[in-house]
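First up is the structure itself, then whatever we jot down about it.
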Amino acid sequence: MKVFEATYYKIYLNDRLRISGEYRGLRTKLAKKLNCHMAHISQVLGGNGHFSLEYAALIDEFLGHTSQESEFFLL
């Protein structure tokens with residue numbers, strides 16, 4: 001799924017993290033990037049919590065979005 005096709009960031013992130021087939025590995029790398037526990041990522045992506053704007057910026061960087069994709073993702 002491309003970021004511009006996404007209607008909700010959690011669906012997009014879950015999809016992006018599953019693409020490569022190393023779902024757990026990418027979540028581990030993302031947790032290191034965010035300097036948080038992998039459980040926090042799982043709780044947010046599978047529950048009612050949300051990432052802060054600071055985390056969103058780090059996730060954007062982790063995913064390597066273009067400038068247009070970054071603007072869309074962060075808004």
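In the structure tokens, chains take the letters A, B, ... in the order shown, each chain's residues start at 1, and ligands count up from 1 in the order shown.
The residue set within 9 Å of Ile41 (chain A), counting only C-alpha atoms and dropping same-chain residues fewer than 3 places from it, reads A:Arg27, A:Leu30, A:Ala31, A:Cys36, A:His37, A:Met38, A:Val44, A:Leu45, A:Gly46, A:Phe51.
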Could you save the residues just selected, with N, CA, C and O atoms, as a PDB file, in the first residue's frame?
ATOM      1  N   ARG A  27       9.632  -4.501  13.083  1.00  0.00           N
ATOM      2  CA  ARG A  27       9.121  -3.891  14.320  1.00  0.00           C
ATOM      3  C   ARG A  27      10.248  -3.689  15.321  1.00  0.00           C
ATOM      4  O   ARG A  27      10.290  -2.677  16.015  1.00  0.00           O
ATOM      5  N   LEU A  30      12.237  -0.737  14.135  1.00  0.00           N
ATOM      6  CA  LEU A  30      11.475   0.486  14.385  1.00  0.00           C
ATOM      7  C   LEU A  30      11.529   0.843  15.871  1.00  0.00           C
ATOM      8  O   LEU A  30      11.698   2.011  16.221  1.00  0.00           O
ATOM      9  N   ALA A  31      11.417  -0.147  16.737  1.00  0.00           N
ATOM     10  CA  ALA A  31      11.495   0.106  18.181  1.00  0.00           C
ATOM     11  C   ALA A  31      12.847   0.709  18.549  1.00  0.00           C
ATOM     12  O   ALA A  31      12.917   1.630  19.374  1.00  0.00           O
ATOM     13  N   CYS A  36      12.051   2.786  21.985  1.00  0.00           N
ATOM     14  CA  CYS A  36      10.943   2.337  22.830  1.00  0.00           C
ATOM     15  C   CYS A  36      10.863   0.815  22.765  1.00  0.00           C
ATOM     16  O   CYS A  36      11.569   0.176  21.998  1.00  0.00           O
ATOM     17  N   HIS A  37      10.011   0.244  23.567  1.00  0.00           N
ATOM     18  CA  HIS A  37       9.813  -1.202  23.564  1.00  0.00           C
ATOM     19  C   HIS A  37       8.945  -1.602  22.385  1.00  0.00           C
ATOM     20  O   HIS A  37       8.035  -0.864  21.989  1.00  0.00           O
ATOM     21  N   MET A  38       9.216  -2.782  21.851  1.00  0.00           N
ATOM     22  CA  MET A  38       8.420  -3.292  20.744  1.00  0.00           C
ATOM     23  C   MET A  38       6.953  -3.448  21.168  1.00  0.00           C
ATOM     24  O   MET A  38       6.050  -3.282  20.364  1.00  0.00           O
ATOM     25  N   VAL A  44       0.096   0.219  20.144  1.00  0.00           N
ATOM     26  CA  VAL A  44      -0.454   1.328  19.356  1.00  0.00           C
ATOM     27  C   VAL A  44      -1.075   0.803  18.067  1.00  0.00           C
ATOM     28  O   VAL A  44      -2.210   1.145  17.726  1.00  0.00           O
ATOM     29  N   LEU A  45      -0.336  -0.044  17.343  1.00  0.00           N
ATOM     30  CA  LEU A  45      -0.837  -0.520  16.053  1.00  0.00           C
ATOM     31  C   LEU A  45      -2.021  -1.471  16.182  1.00  0.00           C
ATOM     32  O   LEU A  45      -2.800  -1.617  15.252  1.00  0.00           O
ATOM     33  N   GLY A  46      -2.163  -2.089  17.335  1.00  0.00           N
ATOM     34  CA  GLY A  46      -3.266  -3.024  17.518  1.00  0.00           C
ATOM     35  C   GLY A  46      -4.339  -2.541  18.461  1.00  0.00           C
ATOM     36  O   GLY A  46      -5.311  -3.254  18.721  1.00  0.00           O
ATOM     37  N   PHE A  51       0.624   7.213  18.261  1.00  0.00           N
ATOM     38  CA  PHE A  51       1.986   7.694  18.331  1.00  0.00           C
ATOM     39  C   PHE A  51       1.974   9.213  18.466  1.00  0.00           C
ATOM     40  O   PHE A  51       1.102   9.888  17.924  1.00  0.00           O
TER      41      PHE A  51
END
Within 12 Å of Leu74 (chain A), counting only C-alpha atoms, which residues qualify if same-chain residues fewer than 2 places away don't, as an NGL selection string?
-> :A and (3-4 or 8-9 or 51-61 or 65-72)
Export of prior selection with N, CA and C atoms as a PDB file, in the first residue's frame:
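Final output, part_11.pdb:
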ATOM      1  N   VAL A   3       1.437   5.295   0.666  1.00  0.00           N
ATOM      2  CA  VAL A   3       0.965   6.204   1.700  1.00  0.00           C
ATOM      3  C   VAL A   3      -0.236   7.021   1.218  1.00  0.00           C
ATOM      4  N   PHE A   4      -0.279   7.384  -0.061  1.00  0.00           N
ATOM      5  CA  PHE A   4      -1.377   8.189  -0.585  1.00  0.00           C
ATOM      6  C   PHE A   4      -2.691   7.406  -0.684  1.00  0.00           C
ATOM      7  N   TYR A   8      -6.015   5.435   6.949  1.00  0.00           N
ATOM      8  CA  TYR A   8      -5.733   5.454   8.386  1.00  0.00           C
ATOM      9  C   TYR A   8      -4.298   5.005   8.593  1.00  0.00           C
ATOM     10  N   TYR A   9      -3.561   5.751   9.374  1.00  0.00           N
ATOM     11  CA  TYR A   9      -2.129   5.491   9.497  1.00  0.00           C
ATOM     12  C   TYR A   9      -1.793   4.122  10.080  1.00  0.00           C
ATOM     13  N   PHE A  51       0.624   7.213  18.261  1.00  0.00           N
ATOM     14  CA  PHE A  51       1.986   7.694  18.331  1.00  0.00           C
ATOM     15  C   PHE A  51       1.974   9.213  18.466  1.00  0.00           C
ATOM     16  N   SER A  52       2.968   9.737  19.162  1.00  0.00           N
ATOM     17  CA  SER A  52       3.111  11.187  19.261  1.00  0.00           C
ATOM     18  C   SER A  52       3.625  11.718  17.926  1.00  0.00           C
ATOM     19  N   LEU A  53       3.563  13.017  17.761  1.00  0.00           N
ATOM     20  CA  LEU A  53       4.080  13.640  16.545  1.00  0.00           C
ATOM     21  C   LEU A  53       5.585  13.392  16.418  1.00  0.00           C
ATOM     22  N   GLU A  54       6.283  13.391  17.546  1.00  0.00           N
ATOM     23  CA  GLU A  54       7.723  13.124  17.529  1.00  0.00           C
ATOM     24  C   GLU A  54       7.996  11.713  17.003  1.00  0.00           C
ATOM     25  N   TYR A  55       7.217  10.735  17.467  1.00  0.00           N
ATOM     26  CA  TYR A  55       7.364   9.368  16.972  1.00  0.00           C
ATOM     27  C   TYR A  55       6.992   9.298  15.494  1.00  0.00           C
ATOM     28  N   ALA A  56       5.953  10.018  15.108  1.00  0.00           N
ATOM     29  CA  ALA A  56       5.526  10.001  13.702  1.00  0.00           C
ATOM     30  C   ALA A  56       6.648  10.494  12.796  1.00  0.00           C
ATOM     31  N   ALA A  57       7.362  11.530  13.228  1.00  0.00           N
ATOM     32  CA  ALA A  57       8.479  12.052  12.439  1.00  0.00           C
ATOM     33  C   ALA A  57       9.591  11.012  12.323  1.00  0.00           C
ATOM     34  N   LEU A  58       9.867  10.296  13.398  1.00  0.00           N
ATOM     35  CA  LEU A  58      10.893   9.250  13.360  1.00  0.00           C
ATOM     36  C   LEU A  58      10.442   8.071  12.499  1.00  0.00           C
ATOM     37  N   ILE A  59       9.164   7.733  12.558  1.00  0.00           N
ATOM     38  CA  ILE A  59       8.627   6.654  11.718  1.00  0.00           C
ATOM     39  C   ILE A  59       8.719   7.055  10.252  1.00  0.00           C
ATOM     40  N   ASP A  60       8.392   8.290   9.966  1.00  0.00           N
ATOM     41  CA  ASP A  60       8.495   8.817   8.606  1.00  0.00           C
ATOM     42  C   ASP A  60       9.924   8.666   8.084  1.00  0.00           C
ATOM     43  N   GLU A  61      10.881   9.024   8.887  1.00  0.00           N
ATOM     44  CA  GLU A  61      12.294   8.894   8.523  1.00  0.00           C
ATOM     45  C   GLU A  61      12.661   7.424   8.326  1.00  0.00           C
ATOM     46  N   HIS A  65      10.238   7.994   3.415  1.00  0.00           N
ATOM     47  CA  HIS A  65       9.280   8.676   2.544  1.00  0.00           C
ATOM     48  C   HIS A  65       9.942   9.818   1.762  1.00  0.00           C
ATOM     49  N   THR A  66       9.388  10.095   0.594  1.00  0.00           N
ATOM     50  CA  THR A  66       9.791  11.289  -0.150  1.00  0.00           C
ATOM     51  C   THR A  66       9.219  12.498   0.583  1.00  0.00           C
ATOM     52  N   SER A  67       9.567  13.704   0.159  1.00  0.00           N
ATOM     53  CA  SER A  67       9.050  14.895   0.834  1.00  0.00           C
ATOM     54  C   SER A  67       7.528  14.993   0.723  1.00  0.00           C
ATOM     55  N   GLN A  68       6.973  14.621  -0.433  1.00  0.00           N
ATOM     56  CA  GLN A  68       5.505  14.650  -0.590  1.00  0.00           C
ATOM     57  C   GLN A  68       4.851  13.585   0.279  1.00  0.00           C
ATOM     58  N   GLU A  69       5.441  12.397   0.325  1.00  0.00           N
ATOM     59  CA  GLU A  69       4.899  11.334   1.167  1.00  0.00           C
ATOM     60  C   GLU A  69       4.993  11.725   2.646  1.00  0.00           C
ATOM     61  N   SER A  70       6.082  12.364   3.029  1.00  0.00           N
ATOM     62  CA  SER A  70       6.247  12.805   4.410  1.00  0.00           C
ATOM     63  C   SER A  70       5.171  13.790   4.807  1.00  0.00           C
ATOM     64  N   GLU A  71       4.922  14.754   3.943  1.00  0.00           N
ATOM     65  CA  GLU A  71       3.897  15.755   4.245  1.00  0.00           C
ATOM     66  C   GLU A  71       2.537  15.090   4.420  1.00  0.00           C
ATOM     67  N   PHE A  72       2.197  14.172   3.546  1.00  0.00           N
ATOM     68  CA  PHE A  72       0.919  13.466   3.616  1.00  0.00           C
ATOM     69  C   PHE A  72       0.853  12.630   4.897  1.00  0.00           C
TER      70      PHE A  72
END
If you run DSSP over the backbone, which residues in chain A end up helix (DSSP H, G or I)? Put them as a PyMOL selection string.
-> chain A and resi 3-5+9-18+23-34+38-46+53-63+67-74
Hey, can you check how far CA of Ala39 (chain A) sits from CA of Leu63 (chain A)?
->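 Value for the CA of Ala39 (chain A)-CA of Leu63 (chain A) distance: 19.3 Å.
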Min atom-atom distance to Ala6 (chain A) from the set A:His40, A:Phe73, A:Leu34, A:Leu26, counting only C-alpha atoms, belongs to A:Phe73
